[in-house]
Structures are given as structure tokens and as C-alpha cells.
Amino acid sequence: MATSPCSSSGVSSSSSAGLGAEAALEIRTRSVEQTLVPLVSQITTLINHKDKPKWSDKTLQAIQRVGQAVNLAVGRFVTVGEAIANENRELKEEMSIACIEAKRAGETIAQLTDVTNLDHPESDGRITIFTDKTGVVKAARLLLSSVTKVLVLADRIVIKQIIASRNKVLATMEQLEKVSSFQEFVQIFSQFGNEMVEFAHLTGDRQNDLKDEKKKARMAAARAVLEKCTMMLLTASKTCLRHPDCESALLNKEGVFHRMRLALEQVIEIVTDSRPSGENEMAPISIYTSIKEFKNKVEGLRENLYFLSKENLSTMLELILEHTEDFTDSAYTSHEHRERILEQSKQAKMELEQLVSVWMQAQSQKTKDITEDLEVAILKTCQCMNELKRELHHAATSLAADLLRYHADHMVLKALKITGVEGNLEAIAEYTCKLSEQKEQLVETCRLLRHVSGTESLEITCIHAEDTFQVTGPQIISAAETLTLHPSSKIAKENLDVFCEAWESQLSDMSMLLREIGDVFEGRRGEKRAYLSLPRPGKHNANLKALKPVKLDTEEQAKLGKLGLELHLLTSDVDSETEKWEDQENEIVHHGQSISSMAHSMYLFTRGEGLLKTTQDLFHQAEVFATEGIKLASVLTAFSDQLEDDDTPLLLLEIDKLIPVCQQLQITAKTTVQGKNATFTKVDTCIRKTKGVMTILSQVLPLSCKLLKKCGTGNGWLKSPHPWRENRLQTNTNDDSMEGKTDAFGIKSLEHHVANLTFLESK
């Protein structure tokens with residue numbers, strides 16, 4: 001949703017409410033929004049000063065310092081903005097205008113706050129913040145509007161880079177599709193791999209930065225398709241080159257290319273917020289959403305008996321019951337579940353009839369207060385809808401759990417591989433038919449799970465799972481047919497293996513999805529956001545055998561069980577501590593949540609679950625985890641510099657522990673090892689070092705919270721700006737020499753200088 005700077009900061013006073021009126025630019029990313037929040041807060045504090053008969057010298061000096069600091073920071077900010085304008089001609093005019101406006105506004109604020117030499121600020125005759133509050137408001141509005149515009153324009157440059165990266169990937173894909181020799185293919189695929197890595201970096205950063213959770217989930221789904229299809233594209237293309245006259249091999253390859261193009265297009269739609277040919281995105285409504293809306297309407301009768309009609313409520317219930325037919329008509333719903341859903345649907349109709357009767361009676365009596373009968377009818381109707389929801393949830397999740405258990409041995413896939421190598425066409429026909437039946441079961445189950453998923457992001461994950469089974473099933477069949485026709489072909493066998501692995505991986509993801517849906521239903525869901533922004537090493541390289549990642553076997557998982565559980569308990573402790581902070585936008589909290597999220601992913605890895613599938617994934621995650629820990633140490637050091645408290649040495653002691661542990665983890669994660677035992681030892685060390693960081697974090701968070709409360713310091717400087725990922729944009733800018741030195745797109749510099757627009761409110 002588009003959010004003006006002021007609305008995002010929760011400004012509510014009459015004077016400050018107008019600050020966003022001229023800054024009605026759509027902000028789609030957290031980094032831009034969070035960069036503006038402290039600025040809005042500080043300017044609001046400035047213009048909402050209380051009128052007093054006498055101002056102390058200290059107050060006057062503080063006001064002047066604020067004005068000068070704003071002007072100085074805006075000046076540096078403008079310098080960077082102008083440099084970006086010069087590097088990007090298509091945005092030069094807009095950027096230049098916004099920079100001029102920002103500079104003018106900063107100078108105006110500095111003039112109006114130049115009050116230290118005034119004996120009587122209100123009666124000196126000069127126009128100041130005390131005599132012209134309207135002028136300050138106008139300047140503040142102009143400053144926020146122009147700064148926001150510069151940031152949004154800079155954000156467009158990032159979008160432009162993602163589009164350019166997509167175009168490079170598409171161009172190389174076209175070359176790969178037309179290639180006719182192995183040598184040429186290997187050369188082009190190597191280039192393609194590098195381009196996919198760049199695209200993965202850019203889109204991963206964008207995914208983490210998006211404000212809209214629905215778009216974030218769609219981006220994750222599209223990127224997951226691209227990641228898996230990169231390996232499929234390699235083996236399908238090699239198979240086609242080896243067997244150029246094989247129709248099933250060609251069909252297999254064309255399917256991969258088509259799916260990758262659709263995924264690339266979806267990424268660009270999300271990034272640019274557009275649909276092709278003006279199409280509207282019409283997502284089917286889930287039953288959960290419909291039930292929630294229905295209950296809200298029913299409960300709204302407590303406040304107003306006349307705000308909707310009985311026909312409106314009846315229509316809503318009819319729509320819900322129509323959706324339940326997806327369950328009752330499904331061939332895979334058990335008889336017991338079908339009967340209970342039908343019974344609960346019948347009960348819902350009866351409860352609504354009773355509610356309408358009591359409701360109409362209350363309207364005819366023109367009573368102002370809700371009657372006891374109506375309250376009972378409302379409660380019974382809502383309770384009935386809750387029971388219906390529970391029945392639907394049990395029907396969908398039990399079906400999914402049964403299917404996952406039944407297909408856990410992957411017997412059909414194993415049979416396809418064996419009969420393919422044997423060249424047994426009759427057996428292949430039999431097992432492809434069984435796979436098609438399995439696909440239909442899984443697709444239907446995903447549709448039912450979407451109805452009970454509970455959140456928009458999980459709905460999208462269900463749709464992604466449904467699409468994946470729908471597409472991967474026929475691709476496995478075409479790969480199996482190719483192998484059957486060429487049973488001695490190692491490339492055809494490798495190709496079938498890759499598609500079967502994708503199927504198995506999706507079943508594993510579906511198992512995790514089922515647990516998440518259960519967590520939402522039971523109200524215990526924690527928002528554990530996986531770090532998908534970094535590419536998986538070994539997945540996008542032409543020399544795939546040399547970098548082939550490995551998974552932990554059952555015995556290794558058992559060895560890590562106790563250590564993993566200890567790590568899980570620590571993540572729970574850290575999550576509990578972060579929830580205690582009143583200011584959830586505090587930068588310490590932001591880093592703590594990020595670190596805990598990554599630790600949770602590493603814990604899931606020890607159980608053979610989650611998004612970290614291989615040891616290589618774990619090592620890469622450990623490296624990012626350690627980097628985040630060092631960033632937290634830097635923030636904590638800056639925080640400790642502002643304190644004058646007896647407990648400050650305790651914080652410094654914890655910081656001194658944190659940095660070396662993070663550095664040791666970085667070294668371990670980067671160290672190359674060979675062999676099964678060495679790899680397991682490295683995994684074990686990474687988990688232990690991660691546990692060490694989490695132990696320190698569980699001490700640091702409550703201590704920092706305590707110190708922040710004791711010192712009573714305004715913490716605008718600790719607001720998290722959600723920085724643009726440093727692995728994407730390397731800044732060459734420094735405070736001493738701004739002119740002509742910007743990073744690739746200037747975003748980092750812009751954030752740095754907007755951060756300088758914030759200052760401690762206690763000053």
C-alpha cells in the first residue's frame with residue numbers, strides 16, 4: 001500500500017499532519033520508508049515545540065543546532081543526489097529539481113532556527129520558528145517531499161538495474177536455446193550462470209526490502225522456480241544436444257525454458273508493480289478470508305444494527321458454503337470429514353437464520369443497546385463458523401499429511417529410474433500413469449491447503465506448490481521417456497535424476513508448508529524470514545561436479561540433534577527478548593531479529609528441514625550470519641558511546657566477546673574442506689559458533705534494553721534504516737570528499753546522509 005512519509009511515522013498532530021500532503025509519493029520498500037521515519041520524527045518534534053513565556057539558553061542552542069544539522073546533512077545529501085542525476089540522464093531533470101527543493105528547504109529551516117542571539121525570541125522583530133510556525137511547517141513539508149522524491153528516484157535506478165539484469169539473462173537464454181554444439185553450450189552456460197548469480201543477488205535484496213508481504217511471497221516463489229530450473233536447464237539442454245532427434249527430450253527442454261521465462265516475467269511485474277496488457281490480478285478468495293470477513297460483519301452488529309442488510313450476510317454465507325464444495329466434492333476427502341463439513345454447513349445456515357430473526361426484531365423495536373438475545377445469536381454464529389473452519393483445516397491438513405507419508409519412499413520415482421535404464425516401455429507407461437495420479441492428488445491437496453493457509457503469503461506458497469507439481473509431473477514423464485528410448489545414455493539418466501530431485505524437494509517444501517499452516521492455525525506462528533537473497537553456491541556454475549553440494553545423512557543429523565535443540569532454545573530466548581522492546585524499529589532489535597531468523601534456519605538444517613538444503617547452503621548462511629553479528633557489534637559500540645552508566649562496562653564486555661566469535665565463524669565458513677568427515681566437522685563447528693553468538697545475544701538484548709530505559713535517551717539514531725544490501729552496492733563515498741564519489745547507484749550514500757538528518761531528541 002502506498003504510504004506517505006508522515007503516515008508511516010504515525011504523525012497525528014494538526015500541524016505535522018500536513019507534512020505529507022505534498023509528499024504523496026508511493027513508497028514500496030522498507031529501506032526508503034525507514035530512512036524517512038527518523039527524519040519525520042525529528043522535524044515533527046521541532047515544529048511541535050511547546051510555546052513558553054521564557055526560553056532557556058540551553059533550549060535555544062539546541063533548536064539552533066537542530067536547524068544547522070538539518071541544513072548541513074541536506075547539503076551533503078543533495079551533493080550525492082546531484083551526482084546520481086549526472087550519472088543517469090533519464091532521471092537528471094526530476095532529480096535536480098528535487099535536490100534544489102531540498103536544499104532550499106534546509107536553508108529555510110536553518111534561518112528560522114537561528115535564534116541563539118535573541119534576548120526575546122517572540123518580540124525581537126525577526127522572523128523565526130517562534131513567530132512563523134507556518135513557515136517551518138511549509139519548509140518541513142517541502143524538505144520531506146523533496147527528500148522522499150530523491151530516494152524514490154534513486155530506487156528507480158535499482159529497478160532499472162534488475163530489468164537490465166533480466167534482459168541479459170533472457171538474451172543468453174536465447175543463445176542457449178539455439179546452440180548446436182557441446183563446446184559452445186558450455187561457454188554460454190558459464191556466462192548464463194554468472195548472470196543468474198547477479199540476478200539472484202539483485203532480486204533477493206529487493207525481496208527482503210519489499211513492504212508488501214504478498215509481493216514478497218510471490219517474489220520468493222518466482223526466484224525458487226529460477227533456482228531449480230537453472231539445473232534443469234543444464235541437464236535438459238545437454239540431453240537435447242546428445243539426442244537431437246528425440247521429441248521427448250525437446251519437449252522436456254522447451255518446458256524448462258518456458259517456465260523460466262514466466263518466472264522472469266513475474267519478477268519484473270513485482271518489481272515494476274505492473275501487469276501485462278493492463279491485466280488485473282484476480283486471485284481466488286480463500287475460505288478463511290471469507291469466514292473472517294463474515295465474522296467481522298456479524299460482530300459489527302454490536303456497534304450498528306443498520307450498517308448492512310440481511311441479504312448481504314446471507315450472500316456472504318452462501319459464498320463460503322459454495323467454497324466448501326471444493327472439499328466435499330473432492331474425491332480425496334474422507335467420508336468422515338465430508339459428513340462433518342456438511343453437518344457444520346447446515347448448522348451455519350440455521351444459526352444465521354436465528355441471528356437474522358433476532359436482529360430484525362431488535363431493529364423493529366429501535367433499541368439503541370444490543371439485546372441479550374442478539375448477543376447470544378452473534379456468539380453462536382461466530383462459534384459455528386469457527387467450528388466449520390476447524391473442520392476444513394483438519395480435512396485439508398490430514399489429507400496432506402497422509403499423502404506425504406504415503407509418498408515418502410518415492411517408490412514411483414525409483415521405479416521410473418529403474419525401468420528407464422532397462423528400456424522397458426510398457427513398465428514406463430504404467431509408472432508414468434501412477435505419477436500422473438500422484439500429481440493430481442498433490443495438486444488437489446495444494447488447492448485445499450490454500451483455503452486454510454491463514455495468511456496471504458502462505459496462500460501464495462500453496463499456489464506455487466500447486467504450479468510446481470502441475471508442471472514438474474509432465475517434465476519427469478518426458479525425461480523418463482527419453483531415458484527409456486536411450487537407456488544407455490548417462491546424460492538422459494542424469495536429467496531424469498534432476499527432475500526427480502525437484503519433485504522430492506517440492507514434497508519436502510510441502511511438508512514444511514504444512515507445519516507452517518498448522519502453526520498459524522494454532523496461533524504460534526513466528527515470522528521466521530529465510531534469507532533467500534543470496535545465490536546458492538554450486539547451483540549456477542557450469543563446473544557442477546566440482547562444486548556439488550552434499551546433504552547430511554540421518555546419522556549425522558542425529559549427532560547434531562542435541563546441539564540443534566540447544567540452538568533452537570536460544571533462538572526462542574532471543575525472540576522473547578526482542579519482543580520486550582517497546583521500539584520494534586530500533587536498530588539493535590532489527591539486527592537481533594535478523595540474526596535469530598538465520599539461526600532458526602540453521603537449526604532447521606540440523607533436522608533436515610527448512611530452506612537450507614545442503615552443507616554449502618549452511619556455510620553460506622553462516623557467513624552472512626557472522627557478518628550480521630559484526631554489524632550488531634558496531635551498532636552496540638556506537639550505542640555504548642552515548643551512555644554514562646555503571647552498567648556500560650558490562651555491555652562493552654559482551655561486545656568484546658561477540659566480535660571474535662563472529663570472526664571465527666566467518667573464517668570457519670570460508671575454509672575449504674574435502675571429505676565426508678571434514679565436512680561434518682565444519683558443519684558442527686559452524687553450529688557451535690552460531691550457538692556462541694546466540695548465547696551472547698541473549699545477554700546483550702536485555703542489557704541494552706535496560707540501559708536504554710535508564711538513560712532515557714531519545715533513540716532516533718537507533719532507528720533501523722533497513723540498509724540496502726552491501727553485497728550489492730559497494731560505496732566509495734566518505735564524509736570528507738563527497739563530490740564526484742558515489743557508489744554504483746548512490747543509494748548507500750543517500751541513506752548515509754539522510755541518517756545524518758537524525759539527532760538525539762534529548763539534545
# chains A, B, ... in the order shown; residues from 1 in each chain; ligands from 1
$ residues_around --residues "Glu213 in chain A" --least-positions-apart "6" --cutoff "12 Å" --atoms "only C-alpha atoms" --output "ChimeraX atom specification"
/A:1,28-30,207,219-220,270,455-461,527,529
$ residues_around --residues "range 621-636 of chain A" --least-positions-apart "3" --cutoff "8 Å" --atoms "only C-alpha atoms" --output "JSON, numbers by chain"
{"A": [531, 587, 588, 591, 592, 594, 595, 598, 599, 602, 617, 618, 639, 640, 655, 658, 659, 662, 663, 665, 666, 669, 670, 686, 690, 693]}
$ write_last_selection --atoms "N, CA, C and O atoms" --output "mmCIF file, in the first residue's frame"
data_model
loop_
_atom_site.group_PDB
_atom_site.id
_atom_site.type_symbol
_atom_site.label_atom_id
_atom_site.label_comp_id
_atom_site.auth_asym_id
_atom_site.auth_seq_id
_atom_site.Cartn_x
_atom_site.Cartn_y
_atom_site.Cartn_z
ATOM 1 N N TYR A 531 16.628 -16.150 4.601
ATOM 2 C CA TYR A 531 17.462 -15.278 3.781
ATOM 3 C C TYR A 531 17.661 -15.917 2.417
ATOM 4 O O TYR A 531 18.566 -16.700 2.196
ATOM 5 N N GLU A 587 17.408 -0.254 15.847
ATOM 6 C CA GLU A 587 18.370 -0.981 15.009
ATOM 7 C C GLU A 587 18.937 -2.204 15.723
ATOM 8 O O GLU A 587 19.235 -3.218 15.100
ATOM 9 N N ILE A 588 19.090 -2.129 17.034
ATOM 10 C CA ILE A 588 19.568 -3.290 17.791
ATOM 11 C C ILE A 588 18.562 -4.434 17.660
ATOM 12 O O ILE A 588 18.927 -5.592 17.432
ATOM 13 N N HIS A 591 18.702 -5.990 14.046
ATOM 14 C CA HIS A 591 19.812 -6.918 13.862
ATOM 15 C C HIS A 591 19.587 -8.196 14.664
ATOM 16 O O HIS A 591 19.884 -9.297 14.184
ATOM 17 N N GLY A 592 19.052 -8.046 15.886
ATOM 18 C CA GLY A 592 18.775 -9.220 16.719
ATOM 19 C C GLY A 592 17.782 -10.161 16.054
ATOM 20 O O GLY A 592 17.963 -11.384 16.050
ATOM 21 N N SER A 594 17.138 -10.375 12.795
ATOM 22 C CA SER A 594 17.765 -10.959 11.606
ATOM 23 C C SER A 594 18.673 -12.123 11.990
ATOM 24 O O SER A 594 18.644 -13.188 11.363
ATOM 25 N N ILE A 595 19.480 -11.928 13.031
ATOM 26 C CA ILE A 595 20.407 -12.966 13.497
ATOM 27 C C ILE A 595 19.620 -14.190 13.977
ATOM 28 O O ILE A 595 19.944 -15.332 13.642
ATOM 29 N N MET A 598 18.177 -16.215 11.035
ATOM 30 C CA MET A 598 19.167 -17.060 10.367
ATOM 31 C C MET A 598 19.537 -18.255 11.241
ATOM 32 O O MET A 598 19.720 -19.370 10.737
ATOM 33 N N ALA A 599 19.651 -18.047 12.549
ATOM 34 C CA ALA A 599 19.968 -19.149 13.468
ATOM 35 C C ALA A 599 18.863 -20.202 13.433
ATOM 36 O O ALA A 599 19.132 -21.411 13.495
ATOM 37 N N MET A 602 19.323 -22.362 10.495
ATOM 38 C CA MET A 602 20.432 -23.299 10.708
ATOM 39 C C MET A 602 20.009 -24.441 11.637
ATOM 40 O O MET A 602 20.438 -25.587 11.474
ATOM 41 N N ASP A 617 24.851 -24.574 1.460
ATOM 42 C CA ASP A 617 23.863 -23.563 1.866
ATOM 43 C C ASP A 617 24.126 -23.107 3.298
ATOM 44 O O ASP A 617 24.066 -21.925 3.619
ATOM 45 N N LEU A 618 24.400 -24.085 4.168
ATOM 46 C CA LEU A 618 24.643 -23.775 5.578
ATOM 47 C C LEU A 618 25.870 -22.885 5.740
ATOM 48 O O LEU A 618 25.838 -21.902 6.483
ATOM 49 N N PHE A 639 26.186 2.741 20.395
ATOM 50 C CA PHE A 639 25.225 2.944 21.477
ATOM 51 C C PHE A 639 25.941 3.183 22.810
ATOM 52 O O PHE A 639 25.604 4.090 23.577
ATOM 53 N N SER A 640 26.969 2.368 23.089
ATOM 54 C CA SER A 640 27.690 2.479 24.361
ATOM 55 C C SER A 640 28.405 3.820 24.489
ATOM 56 O O SER A 640 28.584 4.334 25.602
ATOM 57 N N ILE A 655 30.322 -7.019 23.995
ATOM 58 C CA ILE A 655 30.739 -6.661 22.631
ATOM 59 C C ILE A 655 32.103 -7.269 22.321
ATOM 60 O O ILE A 655 32.343 -7.806 21.230
ATOM 61 N N LEU A 658 31.573 -10.802 21.447
ATOM 62 C CA LEU A 658 30.819 -11.036 20.215
ATOM 63 C C LEU A 658 31.701 -10.973 18.971
ATOM 64 O O LEU A 658 31.617 -11.846 18.091
ATOM 65 N N ILE A 659 32.550 -9.974 18.882
ATOM 66 C CA ILE A 659 33.330 -9.760 17.655
ATOM 67 C C ILE A 659 34.234 -10.952 17.325
ATOM 68 O O ILE A 659 34.191 -11.460 16.194
ATOM 69 N N CYS A 662 32.246 -14.021 16.032
ATOM 70 C CA CYS A 662 31.755 -13.807 14.665
ATOM 71 C C CYS A 662 32.891 -13.944 13.647
ATOM 72 O O CYS A 662 32.716 -14.534 12.573
ATOM 73 N N GLN A 663 34.052 -13.405 13.979
ATOM 74 C CA GLN A 663 35.194 -13.506 13.075
ATOM 75 C C GLN A 663 35.642 -14.959 12.910
ATOM 76 O O GLN A 663 35.973 -15.395 11.797
ATOM 77 N N LEU A 665 33.711 -17.556 13.190
ATOM 78 C CA LEU A 665 32.680 -18.208 12.372
ATOM 79 C C LEU A 665 32.880 -17.886 10.889
ATOM 80 O O LEU A 665 32.730 -18.758 10.025
ATOM 81 N N GLN A 666 33.220 -16.637 10.591
ATOM 82 C CA GLN A 666 33.499 -16.256 9.201
ATOM 83 C C GLN A 666 34.637 -17.092 8.621
ATOM 84 O O GLN A 666 34.544 -17.602 7.504
ATOM 85 N N ALA A 669 33.510 -20.713 8.074
ATOM 86 C CA ALA A 669 32.583 -20.839 6.936
ATOM 87 C C ALA A 669 33.305 -20.732 5.597
ATOM 88 O O ALA A 669 32.916 -21.373 4.614
ATOM 89 N N LYS A 670 34.352 -19.923 5.542
ATOM 90 C CA LYS A 670 35.084 -19.710 4.287
ATOM 91 C C LYS A 670 36.141 -20.777 4.012
ATOM 92 O O LYS A 670 36.605 -20.904 2.888
ATOM 93 N N CYS A 686 30.465 -24.762 12.784
ATOM 94 C CA CYS A 686 29.611 -23.614 12.424
ATOM 95 C C CYS A 686 28.405 -23.508 13.356
ATOM 96 O O CYS A 686 28.055 -22.415 13.816
ATOM 97 N N THR A 690 27.694 -20.529 15.999
ATOM 98 C CA THR A 690 26.395 -19.845 15.915
ATOM 99 C C THR A 690 25.721 -19.837 17.281
ATOM 100 O O THR A 690 25.170 -18.819 17.722
ATOM 101 N N VAL A 693 27.306 -17.196 19.438
ATOM 102 C CA VAL A 693 26.810 -15.847 19.136
ATOM 103 C C VAL A 693 25.434 -15.637 19.765
ATOM 104 O O VAL A 693 25.154 -14.592 20.356
#
$ closest_residue --among "A:Leu404, A:Met95, A:Ile463, A:Leu563" --to "Thr148 in chain A" --atoms "only C-alpha atoms"
A:Met95
$ select_by_dssp --residues "range 405-555 of chain A" --states "helix (DSSP H, G or I)" --output "number ranges by chain"
A: 405-406, 411-422, 425-451, 456-485, 490-522, 554-555
$ residues_around --residues "Asn424 in chain A" --least-positions-apart "2" --cutoff "12 Å" --atoms "only C-alpha atoms" --output "PDB file with N, CA and C atoms, in the first residue's frame"
ATOM      1  N   ALA A 415      11.029 -46.387  -9.397  1.00  0.00           N
ATOM      2  CA  ALA A 415      10.624 -47.334 -10.446  1.00  0.00           C
ATOM      3  C   ALA A 415      10.837 -46.744 -11.841  1.00  0.00           C
ATOM      4  N   LEU A 416      10.546 -45.469 -11.993  1.00  0.00           N
ATOM      5  CA  LEU A 416      10.764 -44.808 -13.286  1.00  0.00           C
ATOM      6  C   LEU A 416      12.241 -44.840 -13.674  1.00  0.00           C
ATOM      7  N   LYS A 417      13.113 -44.599 -12.699  1.00  0.00           N
ATOM      8  CA  LYS A 417      14.559 -44.605 -12.978  1.00  0.00           C
ATOM      9  C   LYS A 417      15.025 -46.003 -13.396  1.00  0.00           C
ATOM     10  N   ILE A 418      14.542 -47.029 -12.670  1.00  0.00           N
ATOM     11  CA  ILE A 418      14.965 -48.406 -12.954  1.00  0.00           C
ATOM     12  C   ILE A 418      14.457 -48.863 -14.319  1.00  0.00           C
ATOM     13  N   THR A 419      13.149 -48.663 -14.558  1.00  0.00           N
ATOM     14  CA  THR A 419      12.572 -49.116 -15.831  1.00  0.00           C
ATOM     15  C   THR A 419      13.108 -48.302 -17.006  1.00  0.00           C
ATOM     16  N   GLY A 420      13.483 -47.052 -16.756  1.00  0.00           N
ATOM     17  CA  GLY A 420      14.068 -46.230 -17.818  1.00  0.00           C
ATOM     18  C   GLY A 420      15.403 -46.783 -18.265  1.00  0.00           C
ATOM     19  N   VAL A 421      16.247 -47.163 -17.302  1.00  0.00           N
ATOM     20  CA  VAL A 421      17.566 -47.732 -17.618  1.00  0.00           C
ATOM     21  C   VAL A 421      17.413 -49.086 -18.310  1.00  0.00           C
ATOM     22  N   GLU A 422      16.340 -49.800 -17.949  1.00  0.00           N
ATOM     23  CA  GLU A 422      16.080 -51.097 -18.595  1.00  0.00           C
ATOM     24  C   GLU A 422      15.503 -50.940 -19.997  1.00  0.00           C
ATOM     25  N   GLU A 426       6.737 -50.645 -21.656  1.00  0.00           N
ATOM     26  CA  GLU A 426       5.459 -50.993 -21.022  1.00  0.00           C
ATOM     27  C   GLU A 426       5.451 -50.578 -19.546  1.00  0.00           C
ATOM     28  N   ALA A 427       6.531 -50.869 -18.862  1.00  0.00           N
ATOM     29  CA  ALA A 427       6.616 -50.514 -17.437  1.00  0.00           C
ATOM     30  C   ALA A 427       6.632 -49.002 -17.247  1.00  0.00           C
ATOM     31  N   ILE A 428       7.331 -48.301 -18.154  1.00  0.00           N
ATOM     32  CA  ILE A 428       7.358 -46.834 -18.076  1.00  0.00           C
ATOM     33  C   ILE A 428       5.954 -46.269 -18.213  1.00  0.00           C
ATOM     34  N   ALA A 429       5.177 -46.814 -19.136  1.00  0.00           N
ATOM     35  CA  ALA A 429       3.793 -46.343 -19.332  1.00  0.00           C
ATOM     36  C   ALA A 429       2.981 -46.537 -18.049  1.00  0.00           C
ATOM     37  N   GLU A 430       3.210 -47.685 -17.389  1.00  0.00           N
ATOM     38  CA  GLU A 430       2.476 -47.975 -16.147  1.00  0.00           C
ATOM     39  C   GLU A 430       2.845 -46.981 -15.043  1.00  0.00           C
ATOM     40  N   TYR A 431       4.154 -46.726 -14.885  1.00  0.00           N
ATOM     41  CA  TYR A 431       4.590 -45.855 -13.786  1.00  0.00           C
ATOM     42  C   TYR A 431       4.354 -44.365 -14.074  1.00  0.00           C
ATOM     43  N   ALA A 480      11.686 -39.349 -18.384  1.00  0.00           N
ATOM     44  CA  ALA A 480      11.700 -40.811 -18.260  1.00  0.00           C
ATOM     45  C   ALA A 480      11.548 -41.472 -19.629  1.00  0.00           C
ATOM     46  N   GLU A 481      10.694 -40.909 -20.470  1.00  0.00           N
ATOM     47  CA  GLU A 481      10.513 -41.455 -21.820  1.00  0.00           C
ATOM     48  C   GLU A 481      11.805 -41.355 -22.629  1.00  0.00           C
ATOM     49  N   THR A 482      12.521 -40.243 -22.459  1.00  0.00           N
ATOM     50  CA  THR A 482      13.797 -40.064 -23.161  1.00  0.00           C
ATOM     51  C   THR A 482      14.798 -41.131 -22.727  1.00  0.00           C
ATOM     52  N   LEU A 483      14.874 -41.370 -21.418  1.00  0.00           N
ATOM     53  CA  LEU A 483      15.806 -42.375 -20.906  1.00  0.00           C
ATOM     54  C   LEU A 483      15.423 -43.770 -21.411  1.00  0.00           C
ATOM     55  N   THR A 484      14.129 -44.055 -21.463  1.00  0.00           N
ATOM     56  CA  THR A 484      13.672 -45.369 -21.930  1.00  0.00           C
ATOM     57  C   THR A 484      14.060 -45.593 -23.390  1.00  0.00           C
ATOM     58  N   LEU A 485      13.986 -44.533 -24.179  1.00  0.00           N
ATOM     59  CA  LEU A 485      14.367 -44.631 -25.597  1.00  0.00           C
ATOM     60  C   LEU A 485      15.884 -44.709 -25.766  1.00  0.00           C
ATOM     61  N   HIS A 486      16.619 -44.192 -24.786  1.00  0.00           N
ATOM     62  CA  HIS A 486      18.098 -44.195 -24.845  1.00  0.00           C
ATOM     63  C   HIS A 486      18.627 -44.701 -23.502  1.00  0.00           C
ATOM     64  N   PRO A 487      18.387 -45.978 -23.176  1.00  0.00           N
ATOM     65  CA  PRO A 487      18.687 -46.494 -21.834  1.00  0.00           C
ATOM     66  C   PRO A 487      20.163 -46.462 -21.434  1.00  0.00           C
TER      67      PRO A 487
END
$ closest_residue --among "A:Lys439, A:Lys434, A:His464, A:Lys160" --to "Ala222 in chain A" --atoms "only C-alpha atoms"
A:His464
$ closest_atom_pairs --of "range 406-483 of chain A" --to "range 325-338 of chain A" --cutoff "8 Å" --atoms "only C-alpha atoms" --output "JSON lines"
{"residue": "A:Gln441", "atom": "CA", "partner": "A:Tyr332", "partner_atom": "CA", "distance": 7.3}
{"residue": "A:Glu444", "atom": "CA", "partner": "A:Ser330", "partner_atom": "CA", "distance": 7.9}
{"residue": "A:Leu448", "atom": "CA", "partner": "A:Phe327", "partner_atom": "CA", "distance": 6.9}
$ closest_residue --among "A:Thr289, A:Ser576, A:Asn386, A:Ser145" --to "Gln344 in chain A" --atoms "only C-alpha atoms"
A:Asn386
$ residues_around --residues "Thr679 in chain A" --least-positions-apart "5" --cutoff "8 Å" --atoms "only C-alpha atoms" --output "list in words"
Thr615, Val673 and Gln674 of chain A
$ write_last_selection --atoms "C-alpha atoms" --output "PDB file, in the first residue's frame"
ATOM      1  CA  THR A 615      26.085 -28.089   3.619  1.00  0.00           C
ATOM      2  CA  VAL A 673      37.352 -28.780   3.230  1.00  0.00           C
ATOM      3  CA  GLN A 674      37.195 -32.110   1.402  1.00  0.00           C
TER       4      GLN A 674
END
$ atom_distance --atom1 "CA of Ser180 in chain A" --atom2 "CA of Leu241 in chain A"
6.7 Å
$ residues_around --residues "Glu265 in chain A" --least-positions-apart "2" --cutoff "10 Å" --atoms "only C-alpha atoms" --output "number ranges by chain"
A: 163, 166, 222, 259-263, 267-271, 275-276
$ residues_around --residues "range 578-580 of chain A" --least-positions-apart "2" --cutoff "8 Å" --atoms "only C-alpha atoms" --output "mmCIF file with N, CA and C atoms, in the first residue's frame"
data_model
loop_
_atom_site.group_PDB
_atom_site.id
_atom_site.type_symbol
_atom_site.label_atom_id
_atom_site.label_comp_id
_atom_site.auth_asym_id
_atom_site.auth_seq_id
_atom_site.Cartn_x
_atom_site.Cartn_y
_atom_site.Cartn_z
ATOM 1 N N VAL A 574 16.025 -15.403 22.458
ATOM 2 C CA VAL A 574 16.316 -14.122 21.787
ATOM 3 C C VAL A 574 15.036 -13.494 21.254
ATOM 4 N N ASP A 575 14.161 -14.323 20.654
ATOM 5 C CA ASP A 575 12.885 -13.800 20.154
ATOM 6 C C ASP A 575 12.065 -13.186 21.285
ATOM 7 N N SER A 576 12.084 -13.855 22.441
ATOM 8 C CA SER A 576 11.344 -13.330 23.602
ATOM 9 C C SER A 576 11.908 -11.986 24.045
ATOM 10 N N GLU A 582 10.019 -1.868 23.501
ATOM 11 C CA GLU A 582 8.876 -1.031 23.106
ATOM 12 C C GLU A 582 9.033 -0.550 21.679
ATOM 13 N N GLN A 584 10.101 -1.396 18.293
ATOM 14 C CA GLN A 584 10.461 -2.515 17.435
ATOM 15 C C GLN A 584 11.255 -2.094 16.198
ATOM 16 N N VAL A 589 17.284 -4.107 17.782
ATOM 17 C CA VAL A 589 16.227 -5.119 17.639
ATOM 18 C C VAL A 589 16.236 -5.702 16.228
ATOM 19 N N GLY A 592 19.052 -8.046 15.886
ATOM 20 C CA GLY A 592 18.775 -9.220 16.719
ATOM 21 C C GLY A 592 17.782 -10.161 16.054
ATOM 22 N N GLN A 593 16.726 -9.593 15.459
ATOM 23 C CA GLN A 593 15.718 -10.414 14.780
ATOM 24 C C GLN A 593 16.311 -11.106 13.550
ATOM 25 N N LEU A 701 20.782 -8.296 24.557
ATOM 26 C CA LEU A 701 19.486 -7.650 24.322
ATOM 27 C C LEU A 701 18.840 -7.117 25.600
#
$ atom_distance --atom1 "CA of Gly135 in chain A" --atom2 "CA of Val78 in chain A"
21.6 Å
$ closest_residue --among "A:Leu425, A:Ala396, A:Ala221, A:Val498" --to "Ser453 in chain A" --atoms "only C-alpha atoms"
A:Ala396
